[in-house]
Amino acid sequence: MFPKGTKRKFSDSREEPVAGGEDVNQSSLAAVRMLSSYSLQRQSLLDMSLIKLQLCHMLVEPNLCRSVLIANTVRQIQEEMTQDGTWQIMTQALSAANAAAQCSADRLVATEVLCRQTEAAQGEQVPKPFPVVGSEGCPAKEVLEEEAAAAEVGMTMSTVSPQAPTSYLPGTFGMDPCWEEEETGEDDDDEEEEEDSEECGSGSEGEERERDSLVEDTRTAEQVFGTFEIKNPAPSPDPALEELFSDVDASYYDLDTVLTGMQSVPKMGPYDLLESLSSHGPSPLSSSTSCRSDLNELDHIMEIIVGS
Amino acid sequence: MAGVAGGNDFQWCFSQVKGAIDEDVAEADIISTVEFNHSGELLATGDKGGRVVIFQHEQECKNRPNLRGEYNVYSTFQSHEPEFDYLKSLEIEEKINKIRWLPQQNSAHFLLSTNDKTIKLWKIGERDKRAEGYNLKDEDGRLRDPFRITSLRVPVLMPMDLMVEASPRRVFANAHTYHINSISVNSDHQTYLSADDLRINLWHLEITDRSFNIKPANMEELTEVITAAECHPNQCNVFVYSSSKGTIRLCDMRTAALCDSHTKFFEEPEDPSSRSFFSEIISSISDVKFSHSGRYMMTRDYLSVKVWDLNMENRPVETYQVHEYLRSKLCSLYENDCIFDKFECCWNGSDSAIMTGSYNNFFRMFDRNTRKDITLEASRESSKPRATLKPRKVSTGGKRKKDEISVDSLDFNKKILHTAWHPKENVIAVAATNNLYIFQDKIN
């Protein structure tokens with residue numbers, strides 16, 4: 001289903017630490033040598049957890065309890081790795097790798113959930129990135145090739161650099177106003193942008209989750225938290241691939257979506273929902289127009305369904 | 001020691017098994033909930049295909065007083081259908097998550113059944129009479145030509161074959177954003193609660209378009225979800241809900257409308273020596289049940305069952321290990337997702353024993369008085385009528401004795417998640433994937 005990835009370098013070099021590294025992975029080799037068996041185990045657990053979070057999108061809404069437990073496990077590992085310094089090494093390795101490969105639009109962002117565990121993280125300048133399985137700089141010894149490829153293609157990592165004009169508010173899943181320019185800067189996200197734009201909008205602070213419309217949460221949260229999309233280093237993605245994934249909703253790879261599924265407003269009829277959708281507040285600048293057309297389409301579909 | 005468990009020294013024997021024998025299990029046939037009604041006369045099961053099957057206890061056979069009657073199919077109906085949520089582009093499973101019976105108030109039986117999103121109140125009624133001799137229509141229902149009617153007669157009620165009809169009386173929908181994990185009928189018999197991951201709704205049985213929202217937890221930090229909820233059996237203002245972090249909150253609806261503020265908070269301090277990355281996951285409570293007396297409650301987490309005294313919040317009064325031998329296998333169980341399996345637990349009628357399921361079609365019973373425990377298996381091999389069940393044992397390393405099974409040989413696909421104990425008698429119903437086993441205590 002997913003094409004093979006190309007990101008096995010790090011794990012290979014990890015297996016042969018003395019082989020000398022590729023330029024990209026120089027700094028990561030140092031990290032590699034420090035890994036003990038416990039760290040390897042911990043890392044594989046982290047990788048496994050991330051895969052579980054990302055691959056739990058099926059036709060049926062994901063099990064929230066399971067997702068929350070996995071996310072908590074990831075956070076726990078991340079905390080520990082931060083404390084013993086491994087995390088910073090990973091960060092450096094990854095940003096080195098990314099810098100070599102990409103424009104500034106590529107950034108790693110930790111989701112709100114993942115970086116919120118310590119208050120320090122809030123004020124920290126450098127947000128905590130986390131490695132995504134299969135990308136360079138990420139040891140993935142126990143991860144099957146297939147899974148790595150799957151993770152790679154299906155997900156992007158985008159970091160937030162705090163210096164960027166984008167501001168992300170450590171709100172929660174969709175509760176805070178959206179973030180502005182992160183998405184526009186990412187050139188490879190065009191395809192997902194289209195789908196993302198289906199659900200735009202912002203939540204006003206304090207608005208209860210169940211009153212938030214479908215539109216607002218996932219995309220807003222996605223923008224706030226970044227997505228699990230792997231940056232495709234090639235500037236022009238394979239058109240066949242694009243077509244293959246054209247109907248894949250990238251929101252599924254959003255931690256927020258993972259944890260909560262898409263939101264629907266309880267106890268509202270279809271028309272109420274659509275009204276709230278279309279009357280929703282300022283949406284991210286870049287996607288408001290396509291958002292509106294998608295809303296109209298949705299409106300149209302709902303009318304047919306309801307048989308008005 | 002064979003067959004001994006419980007203060008009364010139960011001897012569990014096979015009674016019946018329902019369901020297909022095929023090795024190939026149809027997904028829709030997997031039983032997802034089992035529940036006796038309040039008298040024990042009826043036993044309801046729900047499956048992944050959205051169907052409810054109700055079994056009725058036949059009267060004991062006079063010729064053979066040693067044999068308790070059997071459970072036979074009483075009614076089958078399709079409770080929930082698969083739906084598609086167009087706005088989320090997600091399917092809504094028709095799997096029945098829970099069935100709860102209402103106390104019987106007239107000749108009909110009522111039960112609540114729920115899938116992930118919608119709760120339905122079903123009336124199961126019997127009809128054993130039929131009116132015959134209508135004036136305006138024939139016996140086969142065709143309308144008679146009015147001009148041909150020359151005399152008037154009074155329709156007469158004639159006996160007919162018993163027909164059991166299930167009809168939906170209420171549908172409680174659109175009140176849950178997340179997946180419903182529990183429903184519980186209140187002791188006032190007028191209200192019930194339904195719980196999903198983040199919200200508990202209080203409903204009135206008569207009112208389907210409104211529910212009283214008892215939303216807990218700060219939405220900002222989603223690190224904990226509700227895993228189960230239950231109404232107190234006697235006090236209609238009290239309910240408890242359990243969380244994925246292994247805590248239980250008891251709420252009194254008289255003091256607060258929102259259950260953010262709990263009346264009591266039950267949590268056992270963590271043992272630092274056994275801390276691992278999986279500690280939180282295995283502490284997640286999958287089921288909570290009040291004792292019939294209302295004085296205790298029982299919680300099931302991944303490896304153990306704990307009995308709590310409602311008057312003591314800082315630790316349980318009893319802890320029973322269900323399958324401690326799995327503790328060293330947690331990583332594999334995490335990998336294959338088994339660590340997220342939600343096992344249920346149940347009390348016997350007198351609250352002296354508790355039962356819960358495990359893997360390999362094993363289920364465990366604990367006697368609270370004698371502290372004895374027993375492991376039994378629901379399998380076709382031990383399905384001879386009235387055959388006493390042989391206790392099973394899992395060898396925990398070292399030498400494996402004969403008849404013991406090693407941890408690595410356990411079949412983790414054969415899990416017993418749902419069990420039920422007859423409220424008055426020693427009859428238990430155990431759901432093993434697509435089969436329902438009924439076991440009885442040998443009388444005399």
# chains A, B, ... in the order shown; residues from 1 in each chain; ligands from 1
>>> interface_residues(of="chain B", to="chain A", cutoff="9 Å", atoms="only C-alpha atoms", output="PyMOL selection string")
chain B and resi 86-93+173-179+197+209-210+219-227+244-245+277-278+280-281+284+331+334-335+340
>>> residues_around(residues="Arg148 of chain B", least_positions_apart="5", cutoff="12 Å", atoms="only C-alpha atoms", output="PDB file with C-alpha atoms, in the first residue's frame")
ATOM      1  CA  ASN B 135     -65.989  -8.519  11.046  1.00  0.00           C
ATOM      2  CA  LEU B 136     -64.181  -6.447   8.539  1.00  0.00           C
ATOM      3  CA  LYS B 137     -61.440  -8.817   7.519  1.00  0.00           C
ATOM      4  CA  ASP B 138     -60.915 -12.468   6.865  1.00  0.00           C
ATOM      5  CA  LEU B 143     -60.623  -7.066   3.798  1.00  0.00           C
TER       6      LEU B 143
END
>>> select_by_dssp(residues="segment 65-285 of chain B", states="helix (DSSP H, G or I)", output="list in words")
Pro146, Phe147, Arg148, Pro272, Ser273, Ser274, Ser279, Glu280, Ile281, Ile282 and Ser283 of chain B
>>> atom_distance(atom1="atom CA of Phe110 of chain B", atom2="atom CA of Phe343 of chain B")
25.7 Å
>>> atom_distance(atom1="atom CA of Ser350 of chain B", atom2="atom CA of Arg249 of chain B")
24.8 Å
>>> atom_distance(atom1="atom CA of Glu267 of chain B", atom2="atom CA of Ser291 of chain B")
18.3 Å
>>> closest_residue(among="B:Asn435, B:Gln440, B:Pro385, B:Tyr359", to="Ile30 of chain B", atoms="only C-alpha atoms")
B:Asn435
